[in-house]
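Asker: What follows is run.tsv, TSV, C-alpha atoms.
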```
chain	number	residue	atom	x	y	z
O	1	MET	CA	-32.32	37.98	6.85
O	2	LYS	CA	-32.20	35.43	9.64
O	3	LYS	CA	-35.49	35.02	11.47
O	4	LEU	CA	-35.21	36.32	15.01
O	5	SER	CA	-37.41	36.04	18.09
O	6	ILE	CA	-40.55	38.12	18.57
O	7	LEU	CA	-38.21	40.78	19.93
O	8	ALA	CA	-37.27	41.48	16.32
O	9	ILE	CA	-40.89	42.50	15.77
O	10	ALA	CA	-40.69	45.01	18.56
O	11	PHE	CA	-37.10	46.18	18.30
O	12	ALA	CA	-35.75	45.40	14.85
O	13	ALA	CA	-32.52	46.55	13.31
O	14	ILE	CA	-33.27	48.67	10.26
O	15	VAL	CA	-31.18	49.49	7.22
O	16	PHE	CA	-31.56	53.05	5.96
O	17	ALA	CA	-30.56	54.05	2.45
O	18	ALA	CA	-31.30	56.73	-0.12
O	19	CYS	CA	-30.07	57.91	-3.48
O	20	GLY	CA	-30.20	61.27	-5.16
O	21	GLY	CA	-31.67	62.02	-8.54
O	22	LYS	CA	-29.58	62.31	-11.68
O	23	LYS	CA	-28.71	65.75	-13.04
O	24	SER	CA	-28.41	66.59	-16.71
O	25	ASP	CA	-26.00	69.52	-16.26
O	26	ALA	CA	-22.54	68.27	-17.22
O	27	ALA	CA	-20.98	70.99	-15.08
O	28	THR	CA	-22.19	69.21	-11.93
O	29	ALA	CA	-20.95	65.76	-12.93
O	30	GLU	CA	-17.96	65.85	-10.57
O	31	ALA	CA	-20.12	66.96	-7.64
O	32	ASP	CA	-22.63	64.21	-8.39
O	33	THR	CA	-19.85	61.63	-8.46
O	34	LEU	CA	-18.62	62.80	-5.06
O	35	LYS	CA	-22.14	62.78	-3.68
O	36	SER	CA	-22.71	59.26	-4.93
O	37	PHE	CA	-19.49	58.10	-3.28
O	38	GLU	CA	-20.42	59.73	0.03
O	39	GLN	CA	-23.86	58.16	-0.08
O	40	GLN	CA	-22.33	54.76	-0.72
O	41	GLN	CA	-20.13	55.19	2.34
O	42	ILE	CA	-23.15	56.08	4.50
O	43	GLU	CA	-25.16	53.15	3.17
O	44	ALA	CA	-22.25	50.75	3.76
O	45	SER	CA	-21.99	51.99	7.33
O	46	ILE	CA	-25.70	51.51	7.94
O	47	LYS	CA	-25.61	47.98	6.54
O	48	MET	CA	-22.79	47.20	8.97
O	49	HIS	CA	-24.86	48.49	11.89
O	50	PHE	CA	-27.86	46.50	10.67
O	51	ASP	CA	-25.83	43.30	10.62
O	52	SER	CA	-24.33	43.97	14.04
O	53	ILE	CA	-27.71	44.65	15.69
O	54	ALA	CA	-29.21	41.55	14.10
O	55	SER	CA	-26.27	39.55	15.44
O	56	GLU	CA	-26.70	41.06	18.90
O	57	VAL	CA	-30.43	40.35	19.06
O	58	SER	CA	-29.94	36.79	17.81
O	59	LYS	CA	-27.84	36.08	20.91
O	60	LEU	CA	-30.66	36.94	23.29
O	61	LYS	CA	-32.82	34.38	25.02
O	62	GLN	CA	-36.38	33.94	23.82
O	63	LEU	CA	-38.91	36.13	25.59
O	64	PRO	CA	-40.77	34.28	28.36
O	65	PHE	CA	-44.19	34.87	26.78
O	66	VAL	CA	-43.10	33.40	23.45
O	67	GLN	CA	-43.15	29.70	22.64
O	68	GLU	CA	-42.49	27.44	19.68
O	69	GLY	CA	-45.59	26.20	17.84
O	70	GLN	CA	-46.21	24.02	14.82
O	71	GLY	CA	-46.49	27.09	12.63
O	72	GLY	CA	-43.53	28.88	14.20
O	73	LEU	CA	-43.37	31.30	17.11
O	74	THR	CA	-46.56	31.86	19.07
O	75	LEU	CA	-47.52	33.64	22.27
O	76	THR	CA	-48.44	31.90	25.49
O	77	LYS	CA	-52.11	31.51	26.37
O	78	GLU	CA	-51.71	34.01	29.20
O	79	GLU	CA	-50.09	36.63	26.97
O	80	LYS	CA	-52.86	36.39	24.37
O	81	GLN	CA	-55.54	37.11	26.95
O	82	VAL	CA	-54.71	40.83	27.04
O	83	LYS	CA	-54.98	42.23	23.53
O	84	PRO	CA	-52.87	45.29	22.60
O	85	ASP	CA	-54.92	48.47	22.26
O	86	TYR	CA	-52.14	50.60	20.79
O	87	LEU	CA	-52.08	49.28	17.22
O	88	LEU	CA	-52.85	51.47	14.23
O	89	ALA	CA	-56.32	51.13	12.77
O	90	PRO	CA	-56.17	49.64	9.25
O	91	ALA	CA	-58.26	52.58	8.01
O	92	VAL	CA	-55.18	54.81	8.40
O	93	GLY	CA	-54.18	53.53	4.97
O	94	GLU	CA	-56.97	55.57	3.43
O	95	GLU	CA	-55.33	58.77	4.66
O	96	ALA	CA	-52.17	58.28	2.62
O	97	THR	CA	-51.96	60.64	-0.35
O	98	THR	CA	-48.33	60.83	-1.45
O	99	LEU	CA	-46.26	57.84	-2.51
O	100	ALA	CA	-43.91	58.34	0.43
O	101	GLU	CA	-46.84	58.27	2.87
O	102	LYS	CA	-48.14	55.06	1.30
O	103	TYR	CA	-44.78	53.35	1.75
O	104	ARG	CA	-44.57	54.48	5.38
O	105	ILE	CA	-48.10	53.46	6.29
O	106	LEU	CA	-47.71	50.14	4.48
O	107	SER	CA	-44.63	49.43	6.57
O	108	ALA	CA	-46.24	50.44	9.88
O	109	LEU	CA	-49.40	48.45	9.16
O	110	ASN	CA	-47.27	45.40	8.44
O	111	VAL	CA	-45.70	45.70	11.88
O	112	ASP	CA	-49.09	45.96	13.57
O	113	ARG	CA	-50.64	43.26	11.42
O	114	LYS	CA	-47.92	40.87	12.58
O	115	ILE	CA	-48.55	41.75	16.22
O	116	ALA	CA	-52.33	41.41	15.80
O	117	SER	CA	-51.82	37.97	14.27
O	118	LEU	CA	-49.67	36.82	17.18
O	119	TYR	CA	-52.38	37.89	19.60
O	120	GLU	CA	-54.97	36.07	17.46
O	121	MET	CA	-56.80	39.29	16.67
O	122	PRO	CA	-58.73	39.71	13.39
O	123	THR	CA	-56.41	40.67	10.53
O	124	ASP	CA	-58.81	40.79	7.58
O	125	GLU	CA	-58.97	44.59	7.59
O	126	TYR	CA	-55.18	44.81	7.84
O	127	ASP	CA	-54.86	42.47	4.88
O	128	LYS	CA	-57.26	44.58	2.80
O	129	ALA	CA	-55.48	47.82	3.66
O	130	ILE	CA	-52.03	46.35	3.01
O	131	THR	CA	-53.12	44.82	-0.30
O	132	LYS	CA	-54.61	48.13	-1.48
O	133	LEU	CA	-51.54	50.14	-0.50
O	134	ALA	CA	-49.23	47.64	-2.19
O	135	ALA	CA	-51.35	47.84	-5.35
O	136	ASP	CA	-51.33	51.65	-5.29
O	137	ILE	CA	-47.56	51.69	-4.82
O	138	ASN	CA	-47.04	49.07	-7.53
O	139	ASP	CA	-43.42	48.40	-6.63
O	140	PRO	CA	-42.02	45.32	-8.43
O	141	SER	CA	-39.47	45.06	-5.63
O	142	PHE	CA	-42.09	43.50	-3.36
O	143	LYS	CA	-41.88	40.33	-5.46
O	144	ALA	CA	-38.50	39.69	-3.83
O	145	ILE	CA	-40.28	39.00	-0.53
O	146	GLU	CA	-41.89	35.62	-0.03
O	147	ASP	CA	-44.53	37.08	2.29
O	148	ASN	CA	-45.57	40.71	1.89
O	149	ASN	CA	-46.58	40.72	5.55
O	150	THR	CA	-42.87	40.66	6.43
O	151	LEU	CA	-42.10	43.76	4.41
O	152	PHE	CA	-41.34	45.75	7.55
O	153	GLU	CA	-38.34	43.49	8.23
O	154	THR	CA	-36.52	45.41	5.47
O	155	SER	CA	-34.42	42.43	4.46
O	156	SER	CA	-31.37	42.54	2.23
O	157	ALA	CA	-33.48	40.99	-0.55
O	158	LEU	CA	-35.89	43.93	-0.43
O	159	TYR	CA	-33.03	46.43	-0.31
O	160	ASP	CA	-31.35	44.87	-3.35
O	161	ALA	CA	-34.62	44.65	-5.30
O	162	MET	CA	-35.54	48.28	-4.61
O	163	ASN	CA	-32.05	49.32	-5.65
O	164	ASP	CA	-32.32	47.34	-8.89
O	165	ASN	CA	-35.78	48.75	-9.62
O	166	GLY	CA	-34.87	52.37	-8.99
O	167	ARG	CA	-36.99	52.54	-5.82
O	168	ILE	CA	-34.16	52.73	-3.30
O	169	ASN	CA	-35.11	56.31	-2.42
O	170	TYR	CA	-38.29	54.92	-0.86
O	171	PHE	CA	-36.54	52.21	1.14
O	172	TRP	CA	-35.79	54.63	3.97
O	173	GLN	CA	-39.50	55.47	4.12
O	174	ILE	CA	-40.24	51.82	4.90
O	175	ALA	CA	-37.32	51.55	7.30
O	176	ALA	CA	-38.07	54.74	9.23
O	177	ALA	CA	-41.74	53.88	9.70
O	178	ALA	CA	-40.89	50.34	10.83
O	179	LEU	CA	-38.28	51.53	13.32
O	180	VAL	CA	-40.56	54.14	14.88
O	181	GLU	CA	-43.55	51.79	15.02
O	182	GLN	CA	-41.49	49.11	16.71
O	183	LEU	CA	-40.00	51.57	19.20
O	184	TYR	CA	-43.56	52.66	19.91
O	185	VAL	CA	-44.57	49.07	20.64
O	186	VAL	CA	-41.59	48.55	22.94
O	187	SER	CA	-42.34	51.78	24.80
O	188	GLN	CA	-45.78	50.43	25.74
O	189	ASN	CA	-44.22	47.86	28.07
O	190	THR	CA	-40.45	48.14	28.34
O	191	ASP	CA	-40.15	45.73	31.27
O	192	LYS	CA	-41.74	42.97	29.20
O	193	PHE	CA	-39.93	43.52	25.92
O	194	LEU	CA	-36.51	44.20	27.43
O	195	SER	CA	-36.63	41.35	29.93
O	196	VAL	CA	-34.07	39.35	27.93
O	197	PHE	CA	-31.67	42.26	27.40
O	198	ASP	CA	-28.41	42.52	29.28
O	199	ASP	CA	-26.34	45.69	29.59
O	200	ASP	CA	-24.15	44.85	26.59
O	201	ALA	CA	-27.17	44.30	24.34
O	202	ALA	CA	-28.84	47.50	25.55
O	203	SER	CA	-25.67	49.47	24.90
O	204	ASN	CA	-24.92	47.95	21.49
O	205	VAL	CA	-28.48	48.21	20.15
O	206	SER	CA	-29.20	51.74	21.38
O	207	PHE	CA	-25.81	53.01	20.19
O	208	ARG	CA	-26.42	51.70	16.69
O	209	ILE	CA	-29.92	53.18	16.64
O	210	VAL	CA	-28.32	56.57	17.30
O	211	LEU	CA	-25.91	55.96	14.42
O	212	ILE	CA	-28.82	55.07	12.15
O	213	LEU	CA	-30.67	58.25	13.11
O	214	ASP	CA	-27.53	60.26	12.44
O	215	ALA	CA	-27.25	58.64	9.01
O	216	ILE	CA	-30.80	59.70	8.16
O	217	ASN	CA	-29.85	63.25	8.98
O	218	ARG	CA	-26.74	63.07	6.79
O	219	LEU	CA	-28.68	61.49	3.94
O	220	SER	CA	-31.15	64.39	4.06
O	221	GLU	CA	-28.39	66.55	2.59
O	222	TYR	CA	-28.74	64.59	-0.65
O	223	ASP	CA	-32.50	64.26	-0.93
O	224	ALA	CA	-34.97	66.91	0.24
O	225	ASP	CA	-37.70	64.26	0.63
O	226	ILE	CA	-35.74	62.73	3.50
O	227	LYS	CA	-35.72	65.94	5.54
O	228	PRO	CA	-39.23	65.54	7.04
O	229	VAL	CA	-38.31	62.05	8.21
O	230	ALA	CA	-34.98	63.25	9.60
O	231	GLU	CA	-36.81	65.96	11.54
O	232	ALA	CA	-39.37	63.47	12.84
O	233	VAL	CA	-36.87	60.96	14.18
O	234	ALA	CA	-34.14	63.37	15.34
O	235	PRO	CA	-35.53	63.66	18.92
O	236	LEU	CA	-35.12	59.90	19.33
O	237	ASP	CA	-31.34	60.24	19.55
O	238	VAL	CA	-31.80	60.40	23.33
O	239	LEU	CA	-31.91	56.58	23.23
O	240	ASN	CA	-28.22	56.09	23.89
O	241	ALA	CA	-28.04	53.84	26.96
O	242	VAL	CA	-25.19	51.76	28.35
O	243	THR	CA	-27.32	49.63	30.68
O	244	VAL	CA	-30.74	48.01	30.57
O	245	ASP	CA	-32.01	50.26	33.35
O	246	GLU	CA	-30.88	53.33	31.43
O	247	LEU	CA	-32.57	52.12	28.28
O	248	LYS	CA	-35.83	51.52	30.14
O	249	ALA	CA	-35.63	54.99	31.67
O	250	GLN	CA	-34.80	56.62	28.35
O	251	LEU	CA	-37.68	54.87	26.60
O	252	ALA	CA	-40.02	56.08	29.33
O	253	GLU	CA	-38.72	59.64	29.06
O	254	ALA	CA	-38.88	59.54	25.26
O	255	LYS	CA	-42.41	58.12	25.13
O	256	ASP	CA	-43.98	61.41	24.02
O	257	LYS	CA	-41.22	61.91	21.45
O	258	ILE	CA	-41.84	58.45	20.03
O	259	VAL	CA	-45.56	59.20	19.81
O	260	ALA	CA	-44.81	62.48	18.02
O	261	ALA	CA	-42.46	60.77	15.57
O	262	ARG	CA	-45.11	58.14	14.88
O	263	LYS	CA	-47.72	60.80	14.15
O	264	ALA	CA	-45.33	62.66	11.88
O	265	LEU	CA	-44.51	59.58	9.81
O	266	VAL	CA	-47.88	57.87	9.80
O	267	LYS	CA	-50.51	60.61	9.56
```
Let me see the structure of the file written as structure tokens.
Answerer:
Amino acid sequence: MKKLSILAIAFAAIVFAACGGKKSDAATAEADTLKSFEQQQIEASIKMHFDSIASEVSKLKQLPFVQEGQGGLTLTKEEKQVKPDYLLAPAVGEEATTLAEKYRILSALNVDRKIASLYEMPTDEYDKAITKLAADINDPSFKAIEDNNTLFETSSALYDAMNDNGRINYFWQIAAAALVEQLYVVSQNTDKFLSVFDDDAASNVSFRIVLILDAINRLSEYDADIKPVAEAVAPLDVLNAVTVDELKAQLAEAKDKIVAARKALVK
């Protein structure tokens, strides 16, 4: 996936996918084949929206508080003076019990670890929590990523690897947590993060987010484990703006809903 500006950290395009389990009853073979085909159609649609959002964001100007450094993108001295106080505590990783929760928290912590690093905040505890969660999950798919701290970007390489390793049903856990966490970050200061958006970008990005949320709901028909996530993110379909001002207003109005979705996914 092409590297984008810091805006991609705060408002990334996410691919959602899921697959159902195999059934042994031969009588349901035809139904399973149909279900598989329908799922493939949904996944293909989501990939298209992912590509289109990434293309849209790549056209935007670089945020004014971001600058090029020797090691890549960095924040301006002025921006780094005020540290974000809304990031998840690394200790949240200890609260994960199910495999799905571990994937979600791993993804969310990766988002916040990246932000903490940009603001030159300590990341040792994030690194420890992320390493432990990755070890507990033990997903060979992570080897497809050069840097595990970019896992939340949900690249095509990760998608393909999880599909090959039979872990694709957990990919949406990573994607959902990353999307909600990044929406949460944006909602903390919409004027700052949306300063490079124009009306077309606001319309295109928000519209495709709605389509992604709708896809999660449709995918929940095939896998019961997706239903809690679908229920958590469903209220966010109010983000369907056609102008930048509308998107800012909708993010402000949806702030409590975003917080609730975050709590539901990352307990």
Asker: How many Å lie between atom CA of O:Ala177 and atom CA of O:Lys102, rounded to one decimal?
Answerer: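 Value for the atom CA of O:Ala177-atom CA of O:Lys102 distance: 10.6 Å.
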Asker: Calculated over all atoms listed in the file, which of the candidates O:Leu75, O:Ile174, O:Met162, O:Val229 has the smallest distance to O:Leu109?
Answerer: O:Ile174
Asker: May I ask for the distance between atom CA of O:Ile42 and atom CA of O:Tyr184, given in Å to one decimal place?
Answerer: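 Computing the Euclidean distance for atom CA of O:Ile42 and atom CA of O:Tyr184 yields 25.8 Å.
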Asker: With distances taken over only C-alpha atoms, which of O:Val66, O:Leu133, O:Ala100, O:Leu88 is nearest to O:Ala116?
Answerer: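 Of all the options, O:Leu88 lies closest to O:Ala116.
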Asker: Atom CA of O:Ala261 and atom CA of O:Val233 are how many Å apart?
Answerer: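 Going from atom CA of O:Ala261 over to atom CA of O:Val233, I get 5.8 Å.
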Asker: I'd like the neighbourhood of O:Thr190 as a VMD selection string, where a residue qualifies if any of its atoms comes within 10 Å (using all atoms listed in the file), though same-chain residues fewer than 2 positions away should be ignored.
Answerer: chain O and resid 183 185 to 188 192 to 195 244 247 to 249 251 to 252
Asker: Can you list, as a ChimeraX atom specification, every protein, DNA or RNA residue that comes within 8 Å of stretch 203-210 of chain O when you count all atoms listed in the file, leaving out same-chain residues fewer than 4 positions away?
Answerer: /O:13,49,53,56,199,214,236-244,247
Asker: Around the point (-42.5, 32.1, 23.6) (coordinates from the file), which residues reach within 12 Å if we count all atoms listed in the file? Answer as a ChimeraX atom specification.
Answerer: /O:5-7,61-69,72-80,118,193,196
Asker: Could you list, as a list in words, every residue within 10 Å of O:Gly93, counting only C-alpha atoms and ignoring same-chain residues fewer than 2 positions away?
Answerer: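 Selected residues are Leu88, Ala89, Pro90, Ala91, Glu95, Ala96, Thr97, Glu101, Lys102, Tyr103, Arg104, Ile105, Leu106, Ala108, Leu109, Tyr126, Lys128, Ala129, Ile130, Lys132, Leu133, Val266 and Lys267 of chain O.
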Asker: Please work out which residues fall within 8 Å of (-42.6, 50.3, -5.2), coordinates as given in the file, with only C-alpha atoms counting, and return them as a list of chain:residue names.
Answerer: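 The distance filter leaves exactly O:Tyr103, O:Ala134, O:Ile137, O:Asn138, O:Asp139, O:Pro140, O:Ser141, O:Phe142, O:Met162, O:Arg167, O:Tyr170.
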Asker: As an MDAnalysis selection string, please: the residues near O:Pro84 (cut-off 9 Å, all atoms listed in the file, same-chain neighbours under 2 positions excluded).
Answerer: chainID O and resid 82 86:87 115:116 119
Asker: Write to file, as a PDB file, in the coordinates of the input, the residues of the selection just made, with C-alpha atoms.
Answerer:
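In the end it all went to result_11.pdb:
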```
ATOM      1  CA  VAL O  82     -54.710  40.830  27.040  1.00  0.00           C
ATOM      2  CA  TYR O  86     -52.140  50.600  20.790  1.00  0.00           C
ATOM      3  CA  LEU O  87     -52.080  49.280  17.220  1.00  0.00           C
ATOM      4  CA  ILE O 115     -48.550  41.750  16.220  1.00  0.00           C
ATOM      5  CA  ALA O 116     -52.330  41.410  15.800  1.00  0.00           C
ATOM      6  CA  TYR O 119     -52.380  37.890  19.600  1.00  0.00           C
TER       7      TYR O 119
END
```
Asker: Find, counting all atoms listed in the file, the residue in O:Glu181, O:Glu120, O:Asp225, O:Asp112 that gets nearest to O:Ala260.
Answerer: O:Glu181
Asker: Once you add 6 Å to each side, what are the centre and edge lengths of the axis-aligned box holding all listed atoms of stretch 182-198 of chain O? One decimal in Å, as JSON, if you can.
Answerer:
```
{"center_x": -37.1, "center_y": 46.0, "center_z": 24.0, "size_x": 29.4, "size_y": 25.3, "size_z": 26.6}
```
